[in-house]
Each structure stands twice: as structure tokens, then as C-alpha cells.
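Below is input.txt, which holds compact mmCIF, C-alpha atoms.
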# COMPACT_ATOMS: atom_id res chain seq x y z
CA MET A 1 -18.03 -31.51 22.13
CA GLY A 2 -14.84 -32.24 20.22
CA THR A 3 -16.64 -32.15 16.88
CA ALA A 4 -18.00 -28.65 17.56
CA PHE A 5 -14.49 -27.30 18.16
CA GLY A 6 -13.25 -29.16 15.10
CA ALA A 7 -15.98 -27.64 12.94
CA LEU A 8 -15.21 -24.18 14.34
CA ALA A 9 -11.51 -24.65 13.65
CA GLY A 10 -12.25 -25.85 10.12
CA MET A 11 -14.49 -22.86 9.39
CA SER A 12 -11.91 -20.42 10.68
CA LEU A 13 -9.18 -22.12 8.66
CA LEU A 14 -11.35 -21.85 5.55
CA ALA A 15 -11.92 -18.14 6.22
CA ILE A 16 -8.18 -17.57 6.65
CA VAL A 17 -7.42 -19.35 3.36
CA GLN A 18 -10.07 -17.29 1.57
CA VAL A 19 -8.63 -14.05 2.91
CA ILE A 20 -5.13 -15.07 1.80
CA VAL A 21 -6.29 -16.04 -1.70
CA VAL A 22 -8.30 -12.83 -2.16
CA GLY A 23 -5.37 -10.78 -0.79
CA ILE A 24 -2.93 -12.36 -3.22
CA ALA A 25 -5.33 -11.79 -6.13
CA MET A 26 -5.82 -8.13 -5.19
CA ALA A 27 -2.08 -7.61 -4.73
CA ALA A 28 -1.40 -9.18 -8.13
CA LEU A 29 -3.99 -6.90 -9.71
CA LEU A 30 -2.43 -3.83 -8.11
CA LEU A 31 1.02 -4.98 -9.27
CA THR A 32 -0.13 -5.44 -12.87
CA VAL A 33 -1.83 -2.02 -12.86
CA SER A 34 1.26 -0.31 -11.42
CA PHE A 35 3.45 -2.13 -13.97
CA ARG A 36 1.18 -0.88 -16.74
CA LEU A 37 1.20 2.68 -15.40
CA VAL A 38 4.99 2.77 -15.35
CA LEU A 39 5.92 0.75 -18.43
CA GLY A 40 2.83 0.73 -20.61
CA SER A 41 2.55 -3.04 -20.87
CA MET A 42 0.75 -5.49 -18.63
CA PRO A 43 2.32 -8.72 -17.36
CA SER A 44 0.31 -11.90 -17.10
CA CYS A 45 -1.75 -12.42 -13.96
CA PRO A 46 -0.17 -15.78 -12.95
CA ARG A 47 3.29 -14.24 -13.29
CA ALA A 48 2.21 -11.29 -11.15
CA MET A 49 0.75 -13.66 -8.54
CA ALA A 50 4.00 -15.61 -8.43
CA THR A 51 5.90 -12.35 -8.05
CA VAL A 52 3.67 -11.25 -5.17
CA VAL A 53 4.02 -14.60 -3.35
CA LEU A 54 7.79 -14.85 -3.84
CA ALA A 55 8.34 -11.21 -2.94
CA THR A 56 6.30 -11.67 0.24
CA ILE A 57 8.29 -14.73 1.26
CA ALA A 58 11.64 -13.15 0.39
CA SER A 59 10.85 -9.86 2.11
CA ALA A 60 9.65 -11.67 5.24
CA ALA A 61 12.95 -13.56 5.38
CA ALA A 62 14.97 -10.41 4.71
CA ARG A 63 13.01 -8.44 7.33
CA GLY A 64 13.68 -11.20 9.86
CA ILE A 65 17.41 -11.12 9.12
CA ALA A 66 17.52 -7.31 9.21
CA HIS A 67 15.62 -7.28 12.49
CA ALA A 68 17.98 -9.85 14.00
CA LEU A 69 21.10 -8.02 12.83
CA LEU A 70 20.06 -4.38 13.20
CA GLY A 71 17.12 -4.55 15.58
CA GLY A 72 15.25 -1.99 13.50
CA GLY A 73 11.65 -0.95 13.56
CA ARG A 74 8.92 -0.31 11.03
CA LEU A 75 10.90 2.03 8.82
CA LEU A 76 13.62 -0.57 8.33
CA ALA A 77 10.99 -3.18 7.53
CA PHE A 78 9.42 -0.84 4.97
CA VAL A 79 12.78 -0.15 3.31
CA VAL A 80 13.66 -3.86 3.19
CA GLN A 81 10.24 -4.68 1.77
CA PHE A 82 10.69 -1.99 -0.89
CA LEU A 83 14.18 -3.12 -1.94
CA VAL A 84 13.39 -6.84 -2.00
CA GLY A 85 10.10 -6.24 -3.82
CA ALA A 86 11.85 -4.13 -6.44
CA ALA A 87 14.45 -6.87 -6.92
CA MET A 88 11.70 -9.45 -7.39
CA VAL A 89 9.84 -7.23 -9.86
CA ASN A 90 13.07 -6.73 -11.81
CA ARG A 91 13.81 -10.45 -11.78
CA LEU A 92 10.38 -11.93 -12.48
CA LEU A 93 8.35 -9.41 -14.48
CA LEU A 94 9.73 -8.92 -17.97
CA ALA A 95 9.14 -6.13 -20.48
CA ASP A 96 7.44 -6.61 -23.84
CA ASN A 97 10.69 -7.57 -25.52
CA GLY A 98 11.41 -10.33 -22.97
CA LEU A 99 14.23 -8.50 -21.22
CA ARG A 100 14.41 -7.34 -17.64
CA ILE A 101 13.12 -3.85 -17.00
CA GLY A 102 16.07 -2.63 -14.93
CA TYR A 103 16.29 -1.92 -11.22
CA GLY A 104 15.39 1.78 -11.55
CA LYS A 105 12.11 1.07 -13.33
CA ALA A 106 11.47 -1.81 -10.93
CA CYS A 107 11.87 0.62 -8.02
CA LEU A 108 9.36 2.94 -9.66
CA VAL A 109 6.91 0.07 -10.20
CA GLN A 110 7.37 -1.00 -6.58
CA ARG A 111 6.83 2.58 -5.35
CA VAL A 112 3.57 2.88 -7.28
CA TYR A 113 2.51 -0.58 -6.08
CA LEU A 114 3.27 0.13 -2.41
CA GLY A 115 1.57 3.51 -2.66
CA ALA A 116 -1.55 1.88 -4.09
CA CYS A 117 -1.48 -0.78 -1.38
CA ARG A 118 -1.07 1.82 1.34
CA ALA A 119 -3.85 3.96 -0.13
CA LEU A 120 -6.15 0.95 -0.36
CA ALA A 121 -5.41 -0.27 3.16
CA GLY A 122 -4.58 3.12 4.64
CA ARG A 123 -8.07 4.13 5.67
CA SER A 124 -8.20 1.28 8.17
CA ALA A 125 -4.52 1.24 9.04
CA HIS A 126 -3.01 2.34 12.32
CA PRO A 127 -1.02 5.61 12.64
CA PRO A 128 2.51 4.20 12.04
CA VAL A 129 1.48 3.03 8.57
CA ARG A 130 -0.11 6.42 7.92
CA SER A 131 3.07 8.23 8.92
CA LEU A 132 5.09 6.50 6.18
CA CYS A 133 3.25 8.24 3.35
CA PRO A 134 0.97 10.97 4.72
CA SER A 135 0.67 12.84 1.43
CA LEU A 136 -0.76 9.75 -0.22
CA LEU A 137 -3.21 8.86 2.52
CA GLY A 138 -4.50 12.35 3.25
CA PRO A 139 -5.43 13.77 6.64
CA TRP A 140 -6.13 11.13 9.25
CA ASN A 141 -7.30 13.43 12.01
CA HIS A 142 -10.47 14.56 10.26
CA HIS A 143 -13.39 14.46 12.68
CA GLY A 144 -16.31 15.06 10.37
CA PRO A 145 -18.08 18.08 8.87
CA ALA A 146 -18.39 19.92 12.18
CA LYS A 147 -14.63 20.23 12.53
CA ARG A 148 -13.82 21.32 8.98
CA ARG A 149 -10.88 23.58 8.60
CA THR A 150 -11.78 27.23 8.33
CA SER A 151 -10.39 29.44 5.61
CA VAL A 152 -7.11 31.16 6.34
CA LEU A 153 -7.97 34.04 4.00
CA ALA A 154 -10.86 35.53 5.98
CA PRO A 155 -11.89 35.03 9.58
CA PRO A 156 -15.15 33.07 9.92
CA ASN A 157 -17.03 36.01 11.52
CA VAL A 158 -16.42 38.38 8.57
CA ARG A 159 -19.17 38.30 5.98
CA LEU A 160 -18.53 39.77 2.55
CA ASP A 161 -22.14 40.84 1.95
CA ARG A 162 -22.13 43.13 5.01
CA GLN A 163 -19.06 45.10 3.97
CA SER A 164 -19.41 48.07 1.71
CA PRO A 165 -16.67 49.06 -0.73
CA THR A 166 -16.71 52.67 0.49
CA GLY A 167 -16.05 51.71 4.08
CA SER A 168 -19.27 53.16 5.52
Entire entry expressed as C-alpha cells:
Amino acid sequence: MGTAFGALAGMSLLAIVQVIVVGIAMAALLLTVSFRLVLGSMPSCPRAMATVVLATIASAAARGIAHALLGGGRLLAFVVQFLVGAAMVNRLLLADNGLRIGYGKACLVQRVYLGACRALAGRSAHPPVRSLCPSLLGPWNHHGPAKRRTSVLAPPNVRLDRQSPTGS
């Protein structure tokens, strides 16, 4: 009986590790694409992976400190994640000439990266995540083709082919 629970625990641990590795790889890919969109050059993938891992660890620590000191909610956590991530991008990802890109460009890279992450994960995310960037995620209260929004220009019961231009 103990070996069955051990095997189950081992399988679940393996699944968790696989999810973490795939998540880090996808995040590094999104970071390199956002870096290329903003600056025109692409950093190396191992450097982007290290940036993602270190930014995640640093932002988790900073969010814990901010939560302990300020007792904030999700918006504070999002702001802290943005600022710490931009600092890590500025510090670890270098431009083509080997110099730092500057905090302003790092903020822009981080904004594109977080927007891409939210858009990728936004379709399955809960409403508080959707409320942070609603213009990027689109409408979340869409209930299918039967509930499509009607046109505001003409009422739905007016048909253009039944109207005559003379009014009769």
C-alpha cells in the first residue's frame, strides 16, 4: 500500500516539474520575442531563462515584503512584479553593443512581456486578472453567437430592403 502512494507521489512530482520547465521555457520565449519587438535584437535563450527565473524569485520576495508592509492586494502585486521584472530585464538582458538597455526600455519590454503573458493565459484566467488589462484580453462576458451584440446604428427589427426611398 505504501508503494502505491509513493508511485502516485512520484508521478505527480514529475508532472509538476514538467509544468514548471515548460512554463519557464514559454516565458523565456515570450521575453525574447518582446525584447525583439521593442529593441530589434534577440537575447540568447539561456540568458532569457535565467532572467525569467531570477525575476520570478525576486518578484516573489518583493511581493511578500510589500504584502507584509502594506497589506496590499492584487494590484500592488502586479505593480511590484512589473517594477522588479523591469529591473531584472535592465540588469540581465543586454543590447547588441553589450550595454544595458535603460530602465525606460526595460519597462516597455516588461509591459509587452506581461501583456503577452496575460493574453496567453487570460482566456482561462479568473476575473481579477482580466480586470487588469481588459483592452488586451477582450470581452470576457461573451456568451456565444446567440447573444451577439446588436448594431447600435439600426434597430434589429428594421430591414433595409423593405424601406422605400420615397417613403411610401
Expressed in Å, the length from atom CA of Gln81 of chain A to atom CA of Ala55 of chain A is 8.3 Å
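Atom pair atom CA of Ala87 of chain A / atom CA of Gly40 of chain A has a distance of 19.5 Å (rounded to one decimal).
Separating atom CA of Thr51 of chain A from atom CA of Met11 of chain A is a distance of 28.8 Å.
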Mind dumping a table of every segment 27-81 of chain A residue within 10 Å of segment 94-100 of chain A, with the nearest atom pair and its distance in Å to one decimal, using only C-alpha atoms, sorted by chain and rising number, as a Markdown table?
| residue | atom | partner | partner_atom | distance |
| --- | --- | --- | --- | --- |
| A:Phe35 | CA | A:Ala95 | CA | 9.5 |
| A:Leu39 | CA | A:Ala95 | CA | 7.9 |
| A:Gly40 | CA | A:Asp96 | CA | 9.2 |
| A:Ser41 | CA | A:Asp96 | CA | 6.7 |
| A:Met42 | CA | A:Asp96 | CA | 8.6 |
| A:Pro43 | CA | A:Leu94 | CA | 7.4 |
| A:Ser44 | CA | A:Leu94 | CA | 9.9 |
| A:Arg47 | CA | A:Leu94 | CA | 9.6 |
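Residues in contact with segment 64-69 of chain A at 12 Å, where all atoms listed in the file are counted and same-chain residues fewer than 5 positions away are skipped, are listed as Ile57, Ala58, Ser59, Arg74, Leu75, Leu76, Ala77, Phe78, Val79, Val80, Gln81 and Val84 of chain A.
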task = Fewer than 4 positions away in the same chain doesn't count, so skip those; otherwise give me all residues within 7 Å of Asn90 of chain A, counting all atoms listed in the file, as JSON, numbers by chain.
result = {"A": [86, 100, 101, 102, 103, 106]}
Might you pull out every residue within 10 Å of Ala50 of chain A, with only C-alpha atoms counted and same-chain residues fewer than 6 positions away left off, and present them as number ranges by chain?
A: 24, 28, 56, 88, 92-93
Min atom-atom distance to Gly85 of chain A from the set A:Gly72, A:Arg36, A:Ala116, A:Val52, counting all atoms listed in the file, belongs to A:Val52
When you count all atoms listed in the file, which of these residues is closest to Met49 of chain A: A:Gly115, A:Gly23, A:Gly6, A:Gly71?
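Between A:Gly115, A:Gly23, A:Gly6, A:Gly71, the residue approaching Met49 of chain A most closely is A:Gly23.
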Practice task
Give me the residues within 10 Å of Cys117 of chain A as a list of chain:residue names, counting only C-alpha atoms and dropping any in the same chain fewer than 3 places off.
Solution key: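 Final neighbour list, sorted by chain and number: A:Met26, A:Ala27, A:Leu30, A:Leu31, A:Arg111, A:Val112, A:Tyr113, A:Leu114, A:Leu120, A:Ala121, A:Gly122.
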Which polymer residues have any atom within 8 Å of an atom of Leu29 of chain A, counting all atoms listed in the file, with same-chain residues fewer than 3 positions away left out, as a CSV table (one decimal) with C-alpha atoms, keeping the file's coordinate frame?
chain,number,residue,atom,x,y,z
A,25,ALA,CA,-5.3,-11.8,-6.1
A,26,MET,CA,-5.8,-8.1,-5.2
A,32,THR,CA,-0.1,-5.4,-12.9
A,33,VAL,CA,-1.8,-2.0,-12.9
A,45,CYS,CA,-1.8,-12.4,-14.0
A,48,ALA,CA,2.2,-11.3,-11.2
